[in-house]
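What follows is input.csv (CSV, C-alpha atoms).
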```csv
chain,number,residue,atom,x,y,z
A,61,MET,CA,-13.6,72.3,-42.6
A,62,SER,CA,-13.0,69.0,-40.8
A,63,ASN,CA,-14.9,65.8,-41.5
A,64,PHE,CA,-16.3,66.1,-38.0
A,65,GLU,CA,-18.3,69.2,-38.8
A,66,LEU,CA,-19.3,68.1,-42.3
A,67,ASN,CA,-20.5,64.7,-41.3
A,68,GLU,CA,-23.7,64.6,-39.3
A,69,ASP,CA,-23.1,61.0,-38.4
A,70,LEU,CA,-19.9,61.8,-36.6
A,71,LEU,CA,-21.6,64.6,-34.7
A,72,GLU,CA,-24.5,62.4,-33.8
A,73,ASN,CA,-22.2,59.6,-32.6
A,74,LYS,CA,-20.4,62.1,-30.2
A,75,TYR,CA,-23.6,63.8,-29.0
A,76,PRO,CA,-26.6,61.4,-29.5
A,77,GLY,CA,-29.8,63.1,-30.3
A,78,ILE,CA,-28.1,66.4,-31.3
A,79,ILE,CA,-29.4,66.4,-34.9
A,80,LYS,CA,-33.0,66.1,-33.7
A,81,LEU,CA,-32.4,69.0,-31.4
A,82,LEU,CA,-30.9,71.1,-34.2
A,83,LEU,CA,-33.9,70.6,-36.4
A,84,LYS,CA,-36.5,71.6,-33.8
A,85,ASP,CA,-38.9,74.4,-34.5
A,86,ASN,CA,-39.9,75.8,-31.1
A,87,THR,CA,-42.8,77.8,-32.6
A,88,THR,CA,-44.7,74.8,-34.1
A,89,LYS,CA,-43.2,72.2,-31.7
A,90,LYS,CA,-42.4,70.2,-34.8
A,91,ASN,CA,-39.3,70.6,-37.2
A,92,ILE,CA,-38.2,73.4,-39.4
A,93,ILE,CA,-39.3,72.9,-43.0
A,94,PHE,CA,-37.1,72.9,-46.2
A,95,ALA,CA,-38.8,76.1,-47.5
A,96,THR,CA,-36.9,75.7,-50.8
A,97,SER,CA,-37.3,73.4,-53.8
A,98,ASN,CA,-33.6,72.7,-54.1
A,99,TYR,CA,-34.0,69.2,-52.6
A,100,VAL,CA,-37.0,67.8,-54.6
A,101,LYS,CA,-34.5,65.8,-56.6
A,102,TYR,CA,-34.1,63.5,-53.6
A,103,GLY,CA,-37.7,62.3,-53.9
A,104,LYS,CA,-40.7,62.2,-51.6
A,105,GLY,CA,-40.4,64.1,-48.4
A,106,PHE,CA,-38.0,66.7,-49.8
A,107,SER,CA,-40.5,69.3,-51.0
A,108,LYS,CA,-40.5,72.9,-49.8
A,109,LYS,CA,-43.3,72.3,-47.3
A,110,ASP,CA,-41.8,69.1,-45.9
A,111,TYR,CA,-40.1,68.9,-42.5
A,112,ILE,CA,-36.4,68.4,-42.4
A,113,LEU,CA,-35.9,65.1,-40.5
A,114,PRO,CA,-32.8,63.5,-38.9
A,115,LYS,CA,-33.2,60.6,-41.4
A,116,HIS,CA,-32.6,63.1,-44.2
A,117,LEU,CA,-29.2,63.9,-42.8
A,118,LEU,CA,-28.0,60.7,-41.0
A,119,ASN,CA,-26.7,57.5,-42.6
A,120,GLN,CA,-26.4,59.2,-46.0
A,121,ASN,CA,-23.6,58.4,-48.5
A,122,LYS,CA,-23.2,62.1,-49.2
A,123,GLN,CA,-24.0,65.3,-47.4
A,124,ILE,CA,-27.5,66.5,-48.3
A,125,ILE,CA,-27.5,70.0,-46.7
A,126,LYS,CA,-24.1,71.5,-47.2
A,127,PRO,CA,-22.6,75.0,-46.9
A,128,ARG,CA,-22.9,77.4,-49.9
A,129,ILE,CA,-19.2,77.0,-50.6
A,130,PHE,CA,-19.8,73.3,-51.4
A,131,LYS,CA,-22.8,73.9,-53.6
A,132,ASN,CA,-22.2,74.0,-57.4
A,133,LYS,CA,-22.5,77.2,-59.3
A,134,ILE,CA,-25.8,76.4,-60.9
A,135,GLU,CA,-27.4,75.8,-57.4
A,136,GLN,CA,-25.7,79.0,-56.0
A,137,ASN,CA,-27.1,81.1,-58.9
A,138,LYS,CA,-30.5,79.6,-58.6
A,139,ARG,CA,-30.7,80.6,-55.0
A,140,ILE,CA,-29.5,84.1,-55.8
A,141,LYS,CA,-32.3,84.4,-58.4
A,142,ASP,CA,-35.1,82.7,-56.3
A,143,MET,CA,-34.3,84.1,-52.9
A,144,ALA,CA,-31.8,86.9,-53.4
A,145,GLU,CA,-29.3,84.8,-51.4
A,146,VAL,CA,-25.9,86.5,-51.5
A,147,PHE,CA,-23.2,85.8,-49.0
A,148,THR,CA,-20.9,88.5,-47.6
A,149,PRO,CA,-17.1,88.1,-47.4
A,150,SER,CA,-15.8,87.9,-43.8
A,151,TRP,CA,-13.7,91.1,-44.2
A,152,VAL,CA,-16.9,93.0,-45.0
A,153,CYS,CA,-18.7,91.4,-42.0
A,154,ASN,CA,-15.8,92.4,-39.8
A,155,HIS,CA,-15.9,96.0,-41.0
A,156,GLN,CA,-19.6,96.3,-40.3
A,157,ASN,CA,-19.3,94.5,-36.9
A,158,ASN,CA,-16.5,96.9,-36.0
A,159,LEU,CA,-18.9,99.8,-36.7
A,160,ILE,CA,-21.4,98.3,-34.3
A,161,ASP,CA,-18.7,98.0,-31.6
A,162,TYR,CA,-17.5,101.5,-32.2
A,163,GLU,CA,-20.9,102.6,-30.8
A,164,PHE,CA,-20.2,100.6,-27.6
A,165,PHE,CA,-16.5,101.4,-27.1
A,166,ASN,CA,-16.5,104.9,-28.8
A,167,ARG,CA,-13.1,104.0,-30.3
A,168,LYS,CA,-11.6,101.9,-33.1
A,169,ASN,CA,-9.4,98.8,-33.3
A,170,VAL,CA,-10.8,97.1,-30.2
A,171,PHE,CA,-11.0,93.6,-31.5
A,172,ASN,CA,-8.8,93.8,-34.5
A,173,ILE,CA,-7.0,96.2,-36.9
A,174,GLU,CA,-8.4,96.2,-40.4
A,175,SER,CA,-6.2,96.1,-43.5
A,176,LYS,CA,-8.1,96.2,-46.8
A,177,THR,CA,-9.5,92.6,-47.2
A,178,SER,CA,-8.0,91.2,-44.0
A,179,TRP,CA,-7.5,92.0,-40.3
A,180,LYS,CA,-5.2,91.3,-37.4
A,181,LYS,CA,-6.6,90.7,-33.9
A,182,THR,CA,-5.5,92.8,-30.9
A,183,LYS,CA,-3.7,91.2,-28.0
A,184,LYS,CA,-6.6,91.5,-25.6
A,185,VAL,CA,-9.9,93.4,-25.6
A,186,ASP,CA,-9.3,96.5,-23.4
A,187,PHE,CA,-12.5,97.7,-21.7
A,188,LYS,CA,-10.8,100.6,-19.9
A,189,ASN,CA,-13.4,101.8,-17.4
A,190,ARG,CA,-16.3,99.6,-18.6
A,191,ASP,CA,-17.3,96.1,-17.3
A,192,TRP,CA,-16.8,93.3,-19.9
A,193,LYS,CA,-20.1,91.8,-18.7
A,194,GLU,CA,-21.9,94.8,-20.2
A,195,TYR,CA,-20.7,93.7,-23.6
A,196,ILE,CA,-21.9,90.2,-23.1
A,197,ASN,CA,-25.4,91.5,-22.3
A,198,GLN,CA,-25.7,93.5,-25.5
A,199,ILE,CA,-28.4,91.9,-27.7
A,200,ARG,CA,-27.5,91.4,-31.4
A,201,ILE,CA,-29.5,90.0,-34.3
A,202,GLU,CA,-28.7,89.0,-37.9
A,203,ILE,CA,-31.7,89.3,-40.1
A,204,THR,CA,-32.1,86.9,-43.1
A,205,CYS,CA,-29.0,85.3,-41.6
A,206,GLY,CA,-28.2,82.6,-44.2
A,207,GLU,CA,-25.4,80.6,-42.6
A,208,ALA,CA,-24.9,83.4,-40.0
A,209,PRO,CA,-21.6,84.9,-41.2
A,210,TYR,CA,-22.2,88.1,-39.1
A,211,LEU,CA,-22.7,85.9,-36.0
A,212,THR,CA,-19.8,83.6,-36.4
A,213,SER,CA,-16.9,83.4,-38.9
A,214,ARG,CA,-15.7,79.8,-38.5
A,215,TYR,CA,-14.8,80.0,-42.2
A,216,ASP,CA,-15.0,82.5,-44.9
A,217,VAL,CA,-18.3,81.8,-46.7
A,218,VAL,CA,-16.7,82.9,-50.0
A,219,SER,CA,-13.2,81.4,-49.9
A,220,SER,CA,-14.0,78.5,-47.4
A,221,PHE,CA,-10.8,79.2,-45.5
A,222,GLU,CA,-11.0,78.3,-41.8
A,223,ILE,CA,-10.4,81.0,-39.3
A,224,ASP,CA,-8.7,80.6,-35.9
A,225,PRO,CA,-11.2,81.1,-33.0
A,226,LEU,CA,-9.5,84.1,-31.5
A,227,ASN,CA,-9.2,85.8,-34.9
A,228,ARG,CA,-12.9,85.4,-35.7
A,229,ILE,CA,-15.0,88.4,-36.2
A,230,GLY,CA,-18.6,87.4,-35.7
A,231,LEU,CA,-20.8,88.9,-33.0
A,232,LEU,CA,-20.9,85.6,-31.0
A,233,ASP,CA,-17.2,85.1,-31.7
A,234,ARG,CA,-16.5,88.4,-30.0
A,235,LYS,CA,-18.6,87.6,-26.9
A,236,LEU,CA,-17.0,84.2,-26.5
A,237,ARG,CA,-13.5,85.6,-27.0
A,238,ILE,CA,-14.2,88.1,-24.1
A,239,VAL,CA,-15.4,85.2,-21.9
A,240,CYS,CA,-12.2,83.3,-22.7
A,241,GLU,CA,-10.1,86.3,-21.9
A,242,ASN,CA,-11.8,87.1,-18.6
A,243,VAL,CA,-12.9,83.8,-17.0
A,244,ASN,CA,-10.9,80.8,-15.9
A,245,ASP,CA,-13.4,78.9,-13.6
A,246,ILE,CA,-15.3,76.3,-15.6
A,247,GLU,CA,-18.6,76.9,-14.0
A,248,GLU,CA,-18.4,80.7,-14.5
A,249,TYR,CA,-17.3,80.0,-18.1
A,250,ASN,CA,-20.3,77.9,-18.7
A,251,TYR,CA,-22.6,80.6,-17.3
A,252,TYR,CA,-21.2,83.4,-19.4
A,253,SER,CA,-20.7,81.4,-22.5
A,254,LEU,CA,-24.4,80.3,-22.4
A,255,LEU,CA,-25.4,83.8,-21.6
A,256,SER,CA,-23.5,84.9,-24.8
A,257,LEU,CA,-25.6,82.5,-26.8
A,258,LYS,CA,-28.8,83.9,-25.3
A,259,LYS,CA,-28.0,87.4,-26.5
A,260,ILE,CA,-27.5,86.4,-30.1
A,261,TYR,CA,-30.4,86.0,-32.6
A,262,GLY,CA,-30.9,85.3,-36.2
A,263,TYR,CA,-33.6,84.1,-38.6
A,264,ASP,CA,-34.0,82.9,-42.2
A,265,PHE,CA,-36.7,81.8,-44.5
A,266,GLN,CA,-35.0,78.7,-45.9
A,267,GLY,CA,-34.7,75.7,-43.5
A,268,ASP,CA,-31.4,74.5,-44.8
A,269,ASN,CA,-29.9,77.9,-43.9
A,270,VAL,CA,-31.5,77.8,-40.5
A,271,TYR,CA,-29.9,74.4,-39.9
A,272,LEU,CA,-26.5,75.5,-41.1
A,273,ALA,CA,-26.6,78.6,-39.0
A,274,ARG,CA,-27.5,76.6,-35.9
A,275,LYS,CA,-24.8,74.1,-36.6
A,276,ASN,CA,-22.2,76.9,-37.1
A,277,LEU,CA,-23.1,78.5,-33.8
A,278,LEU,CA,-23.0,75.1,-32.0
A,279,TYR,CA,-19.5,74.4,-33.5
A,280,THR,CA,-18.4,77.8,-32.5
A,281,TYR,CA,-19.4,77.1,-28.9
A,282,ILE,CA,-17.5,73.8,-29.0
A,283,ASP,CA,-14.5,75.5,-30.7
A,284,PHE,CA,-14.1,78.1,-27.9
A,285,TYR,CA,-14.7,75.5,-25.2
A,286,VAL,CA,-11.9,73.3,-26.6
A,287,LEU,CA,-9.6,76.4,-27.0
A,288,LYS,CA,-10.2,77.3,-23.3
A,289,PHE,CA,-10.1,73.9,-21.6
A,290,GLY,CA,-8.4,71.5,-24.1
A,291,ILE,CA,-11.3,69.0,-24.1
A,292,LEU,CA,-14.7,68.6,-25.7
A,293,PRO,CA,-17.7,69.9,-23.7
A,294,THR,CA,-20.0,67.3,-22.1
A,295,SER,CA,-23.2,66.2,-23.6
A,296,ASN,CA,-25.1,68.1,-21.0
A,297,ILE,CA,-23.5,71.5,-21.8
A,298,VAL,CA,-23.8,70.9,-25.5
A,299,ASN,CA,-27.5,70.0,-25.2
A,300,GLU,CA,-28.0,73.2,-23.2
A,301,ALA,CA,-26.2,75.3,-25.8
A,302,CYS,CA,-28.2,73.6,-28.5
A,303,LYS,CA,-31.6,74.4,-26.8
A,304,ILE,CA,-30.6,78.1,-26.7
A,305,ILE,CA,-29.5,78.1,-30.3
A,306,THR,CA,-32.7,76.5,-31.6
A,307,TRP,CA,-34.8,79.2,-29.8
A,308,ASN,CA,-32.6,82.1,-31.0
A,309,ILE,CA,-31.9,81.0,-34.6
A,310,PHE,CA,-35.4,80.5,-36.0
A,311,GLN,CA,-37.3,80.0,-39.2
A,312,MET,CA,-39.4,82.9,-40.3
A,313,ASP,CA,-40.8,84.7,-43.3
A,314,GLY,CA,-39.1,88.1,-42.6
A,315,LEU,CA,-41.8,90.0,-44.5
A,316,LYS,CA,-44.7,88.5,-42.6
A,317,TYR,CA,-43.1,87.4,-39.3
A,318,VAL,CA,-44.8,84.0,-39.6
A,319,ILE,CA,-43.6,80.5,-40.3
A,320,PRO,CA,-43.1,80.2,-44.1
A,321,TYR,CA,-46.3,79.1,-46.0
A,322,SER,CA,-48.3,79.0,-42.8
A,323,CYS,CA,-50.9,81.6,-44.0
A,324,LYS,CA,-54.1,80.0,-45.1
A,325,LYS,CA,-56.6,81.1,-47.8
A,326,ILE,CA,-60.0,82.1,-46.4
A,327,LYS,CA,-63.5,81.7,-47.8
A,328,GLU,CA,-65.1,84.9,-49.0
A,329,LEU,CA,-68.7,85.3,-50.1
A,330,ARG,CA,-69.2,87.4,-53.2
A,331,ILE,CA,-72.4,88.4,-55.1
A,332,SER,CA,-72.4,86.9,-58.6
A,333,LEU,CA,-73.7,88.3,-61.8
A,334,PHE,CA,-77.1,86.9,-61.0
A,335,ASP,CA,-77.2,88.2,-57.4
A,336,ASP,CA,-76.3,84.8,-55.9
A,337,LEU,CA,-73.8,84.4,-53.1
A,338,GLU,CA,-70.8,82.4,-54.2
A,339,GLU,CA,-67.8,81.2,-52.1
A,340,HIS,CA,-64.3,82.2,-53.3
A,341,ASP,CA,-60.9,81.5,-51.9
A,342,THR,CA,-58.9,84.7,-51.1
A,343,LEU,CA,-55.7,85.5,-49.3
A,344,CYS,CA,-55.6,86.1,-45.5
A,345,ILE,CA,-56.2,89.7,-44.5
A,346,GLY,CA,-52.5,90.2,-43.8
A,347,CYS,CA,-51.3,88.9,-47.2
A,348,LYS,CA,-54.1,90.8,-48.9
A,349,THR,CA,-53.5,94.2,-47.2
A,350,GLY,CA,-49.8,94.0,-46.3
A,351,ASN,CA,-50.7,94.5,-42.6
A,352,ILE,CA,-48.1,92.5,-40.7
A,353,TYR,CA,-50.3,92.1,-37.7
A,354,LYS,CA,-53.3,90.6,-39.6
A,355,HIS,CA,-51.8,87.3,-40.9
A,356,ASN,CA,-53.6,84.1,-40.1
A,357,GLY,CA,-50.4,82.2,-40.3
A,358,ILE,CA,-48.3,81.0,-37.3
A,359,TYR,CA,-46.3,83.9,-35.9
A,360,ALA,CA,-42.7,82.9,-35.1
A,361,LYS,CA,-41.8,82.8,-31.4
A,362,ILE,CA,-38.5,83.5,-29.6
A,363,LYS,CA,-37.6,83.1,-25.9
A,364,ASP,CA,-37.6,85.9,-23.4
A,365,TRP,CA,-34.7,84.5,-21.4
A,366,LYS,CA,-35.1,86.9,-18.4
A,367,LYS,CA,-38.7,85.8,-17.9
A,368,ASN,CA,-38.1,82.3,-19.3
A,369,LYS,CA,-41.1,82.3,-21.5
A,370,SER,CA,-41.8,82.4,-25.2
A,371,ILE,CA,-43.1,85.5,-27.0
A,372,ARG,CA,-44.0,86.3,-30.6
A,373,PHE,CA,-41.1,87.9,-32.4
A,374,ILE,CA,-43.4,90.5,-33.9
A,375,ASP,CA,-44.5,91.6,-30.3
A,376,ALA,CA,-40.9,92.0,-29.3
A,377,LEU,CA,-40.4,94.4,-32.2
A,378,LYS,CA,-43.6,96.3,-31.4
A,379,ASP,CA,-42.6,96.7,-27.7
A,380,ASN,CA,-39.1,97.9,-28.8
A,381,LYS,CA,-37.4,95.0,-27.0
```
Turn the structure described in the file into structure tokens.
Amino acid sequence: MSNFELNEDLLENKYPGIIKLLLKDNTTKKNIIFATSNYVKYGKGFSKKDYILPKHLLNQNKQIIKPRIFKNKIEQNKRIKDMAEVFTPSWVCNHQNNLIDYEFFNRKNVFNIESKTSWKKTKKVDFKNRDWKEYINQIRIEITCGEAPYLTSRYDVVSSFEIDPLNRIGLLDRKLRIVCENVNDIEEYNYYSLLSLKKIYGYDFQGDNVYLARKNLLYTYIDFYVLKFGILPTSNIVNEACKIITWNIFQMDGLKYVIPYSCKKIKELRISLFDDLEEHDTLCIGCKTGNIYKHNGIYAKIKDWKKNKSIRFIDALKDNK
């Protein structure tokens, strides 16, 4: 990976204010939180319930939040033990994404031809009697997304090898490849590339993963734009892409559908041994009973882009959206 993508200062210099945007939590109107104890070694402000702030990432002598491939083995193993964090090789992601696309195309080898632990892209995606815009409008989500290897494969999360844009296998990569292959007008490209972002979702518990996933999607957007037009996108288009990404890649406890650690203990009156009423702290009803609709925490929100309004993610599931 290049210094540009590893160094937040370089990204911020090119697109001022972009790091602040990438850290926004649209549910709380604040910032995403660390939700991991991996950063307490850096001192005050780095605990699991603290917000990740631009100052944590900018003007640093070394990268604080870095991809898994640059974490040491001790840290990797700790995250596996604490959060069951395991990353999938790109060839496995490709195989599973191809299975998803088989349901759409009803045939194999549309985007690439697999060969054991590798693949070779096809010359162009052939839609036969279908409209390519149908594919763009397919909604996809990666649950507990980590750095989002199923959404974009800018690099193999195991080997760290970079992957050429048109040979990438992520769900967003495929949409943007189709836009590149079918659109030449820059305004039309902007419309369908941003629409592609609106159709891709992902969430994770740990804030550093949410940030890395968001950054990966943003760089993916930039990569394909540069591939198509030979120049970097303007600040306006990058900011628009970033706003979509921060809505669609969000922080959530996937077992409760709320912001991590947002559930509060409640006071409960109990009769003591001497028939006196005593106050006791107890879990919220949702945490106590396992009822996902009864938590008193902050339910994570996403954007309904058709209606241009925010909705609770759990309600979208309930309504089968």
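For the residues A:Phe147, A:Phe171, A:Trp192, A:Tyr263, ranking by smallest atom-to-atom distance to Gly314 (chain A) using all atoms listed in the file places A:Tyr263 first.
Neighbouring residues of Cys323 (chain A) at 9 Å or closer, counting all atoms listed in the file and skipping chain neighbours under 4 positions away, are Val318, Ile319, Leu343, Cys344, Gly346, Cys347, His355, Asn356, Gly357 and Ile358 of chain A.
For region 188-191 of chain A, the set of protein, DNA and RNA residues having any atom at most 10 Å away, when counting only C-alpha atoms and skipping those fewer than 4 positions along the same chain, is Phe164, Phe165, Tyr195 and Ile196 of chain A.
CA of Ile374 (chain A) sits 28.2 Å away from CA of Tyr162 (chain A).
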Original post:
Quick one: residues within 9 Å of Val239 (chain A), all atoms listed in the file counted, chain neighbours fewer than 5 positions away excluded, as JSON, numbers by chain?
Top reply: {"A": [192, 193, 196, 234, 244, 249, 252, 253, 256]}
Subject >> Point (-2.0, 97.9, -31.5) neighbourhood (8 Å, all atoms listed in the file) written as a PyMOL selection string >> reply: chain A and resi 169+173+182-183
For the residues in the current selection, export C-alpha atoms as an mmCIF file, in the coordinates of the input.
```cif
data_model
loop_
_atom_site.group_PDB
_atom_site.id
_atom_site.type_symbol
_atom_site.label_atom_id
_atom_site.label_comp_id
_atom_site.auth_asym_id
_atom_site.auth_seq_id
_atom_site.Cartn_x
_atom_site.Cartn_y
_atom_site.Cartn_z
ATOM 1 C CA ASN A 169 -9.400 98.800 -33.300
ATOM 2 C CA ILE A 173 -7.000 96.200 -36.900
ATOM 3 C CA THR A 182 -5.500 92.800 -30.900
ATOM 4 C CA LYS A 183 -3.700 91.200 -28.000
#
```
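Residues in contact with region 95-109 of chain A at 8 Å, where all atoms listed in the file are counted and same-chain residues fewer than 5 positions away are skipped, are listed as Glu135, Phe265, Gln266, Gly267, Pro320 and Tyr321 of chain A.
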Excluding same-chain residues fewer than 5 positions from Phe284 (chain A), what lies within 8 Å of it counting all atoms listed in the file, as a tab-separated table (two decimals) with C-alpha atoms, in the frame of the given file?
```
chain	number	residue	atom	x	y	z
A	225	PRO	CA	-11.20	81.10	-33.00
A	236	LEU	CA	-17.00	84.20	-26.50
A	237	ARG	CA	-13.50	85.60	-27.00
A	240	CYS	CA	-12.20	83.30	-22.70
```
Subject >> Residue list as a PyMOL selection string for point (-14.0, 75.4, -23.4), cut-off 12 Å, all atoms listed in the file >> reply: chain A and resi 225+236-237+239-241+243-254+279-294+297-298
Create the file for the chosen residues now, containing C-alpha atoms and written as a PDB file, in the coordinates of the input.
```pdb
ATOM      1  CA  PRO A 225     -11.200  81.100 -33.000  1.00  0.00           C
ATOM      2  CA  LEU A 236     -17.000  84.200 -26.500  1.00  0.00           C
ATOM      3  CA  ARG A 237     -13.500  85.600 -27.000  1.00  0.00           C
ATOM      4  CA  VAL A 239     -15.400  85.200 -21.900  1.00  0.00           C
ATOM      5  CA  CYS A 240     -12.200  83.300 -22.700  1.00  0.00           C
ATOM      6  CA  GLU A 241     -10.100  86.300 -21.900  1.00  0.00           C
ATOM      7  CA  VAL A 243     -12.900  83.800 -17.000  1.00  0.00           C
ATOM      8  CA  ASN A 244     -10.900  80.800 -15.900  1.00  0.00           C
ATOM      9  CA  ASP A 245     -13.400  78.900 -13.600  1.00  0.00           C
ATOM     10  CA  ILE A 246     -15.300  76.300 -15.600  1.00  0.00           C
ATOM     11  CA  GLU A 247     -18.600  76.900 -14.000  1.00  0.00           C
ATOM     12  CA  GLU A 248     -18.400  80.700 -14.500  1.00  0.00           C
ATOM     13  CA  TYR A 249     -17.300  80.000 -18.100  1.00  0.00           C
ATOM     14  CA  ASN A 250     -20.300  77.900 -18.700  1.00  0.00           C
ATOM     15  CA  TYR A 251     -22.600  80.600 -17.300  1.00  0.00           C
ATOM     16  CA  TYR A 252     -21.200  83.400 -19.400  1.00  0.00           C
ATOM     17  CA  SER A 253     -20.700  81.400 -22.500  1.00  0.00           C
ATOM     18  CA  LEU A 254     -24.400  80.300 -22.400  1.00  0.00           C
ATOM     19  CA  TYR A 279     -19.500  74.400 -33.500  1.00  0.00           C
ATOM     20  CA  THR A 280     -18.400  77.800 -32.500  1.00  0.00           C
ATOM     21  CA  TYR A 281     -19.400  77.100 -28.900  1.00  0.00           C
ATOM     22  CA  ILE A 282     -17.500  73.800 -29.000  1.00  0.00           C
ATOM     23  CA  ASP A 283     -14.500  75.500 -30.700  1.00  0.00           C
ATOM     24  CA  PHE A 284     -14.100  78.100 -27.900  1.00  0.00           C
ATOM     25  CA  TYR A 285     -14.700  75.500 -25.200  1.00  0.00           C
ATOM     26  CA  VAL A 286     -11.900  73.300 -26.600  1.00  0.00           C
ATOM     27  CA  LEU A 287      -9.600  76.400 -27.000  1.00  0.00           C
ATOM     28  CA  LYS A 288     -10.200  77.300 -23.300  1.00  0.00           C
ATOM     29  CA  PHE A 289     -10.100  73.900 -21.600  1.00  0.00           C
ATOM     30  CA  GLY A 290      -8.400  71.500 -24.100  1.00  0.00           C
ATOM     31  CA  ILE A 291     -11.300  69.000 -24.100  1.00  0.00           C
ATOM     32  CA  LEU A 292     -14.700  68.600 -25.700  1.00  0.00           C
ATOM     33  CA  PRO A 293     -17.700  69.900 -23.700  1.00  0.00           C
ATOM     34  CA  THR A 294     -20.000  67.300 -22.100  1.00  0.00           C
ATOM     35  CA  ILE A 297     -23.500  71.500 -21.800  1.00  0.00           C
ATOM     36  CA  VAL A 298     -23.800  70.900 -25.500  1.00  0.00           C
TER      37      VAL A 298
END
```
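Closest to Leu83 (chain A) among A:Leu226, A:Cys302, A:Met312, A:Ala360 is A:Cys302, based on all atoms listed in the file.
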Original post:
What is the distance, in Å and to one decimal place, between CA of Ile92 (chain A) and CA of Lys80 (chain A)?
Top reply: 10.6 Å
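Nearest residue to Lys348 (chain A) among A:Lys316, A:Lys126, A:Lys235, A:Lys363 is A:Lys316, counting only C-alpha atoms.
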**OP:** Identify which of the residues A:Lys275, A:Ile201, A:Leu113, A:Asp313 lies closest to Ile352 (chain A), counting only C-alpha atoms when measuring atom-to-atom distances.
**Re:** A:Asp313
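Proximity ranking of A:Ile78, A:Val217, A:Leu70, A:Ile362 relative to Arg274 (chain A) places A:Ile78 first, based on all atoms listed in the file.
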Contact check, region 81-196 of chain A to region 204-215 of chain A, at most 8 Å, counting all atoms listed in the file, closest pairs as JSON lines:
```
{"residue": "A:Pro127", "atom": "CA", "partner": "A:Glu207", "partner_atom": "CA", "distance": 7.6}
{"residue": "A:Glu145", "atom": "CA", "partner": "A:Gly206", "partner_atom": "CA", "distance": 7.6}
{"residue": "A:Phe147", "atom": "CA", "partner": "A:Gly206", "partner_atom": "CA", "distance": 7.6}
{"residue": "A:Thr148", "atom": "CA", "partner": "A:Pro209", "partner_atom": "CA", "distance": 7.4}
{"residue": "A:Ser150", "atom": "CA", "partner": "A:Ser213", "partner_atom": "CA", "distance": 6.7}
{"residue": "A:Cys153", "atom": "CA", "partner": "A:Tyr210", "partner_atom": "CA", "distance": 5.6}
{"residue": "A:Asn154", "atom": "CA", "partner": "A:Tyr210", "partner_atom": "CA", "distance": 7.7}
{"residue": "A:Asn157", "atom": "CA", "partner": "A:Tyr210", "partner_atom": "CA", "distance": 7.4}
```
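The nearest approach to Gln198 (chain A) among the residues A:Leu231, A:Ser178, A:Phe221, A:Asn299, with all atoms listed in the file taken into account, belongs to A:Leu231.
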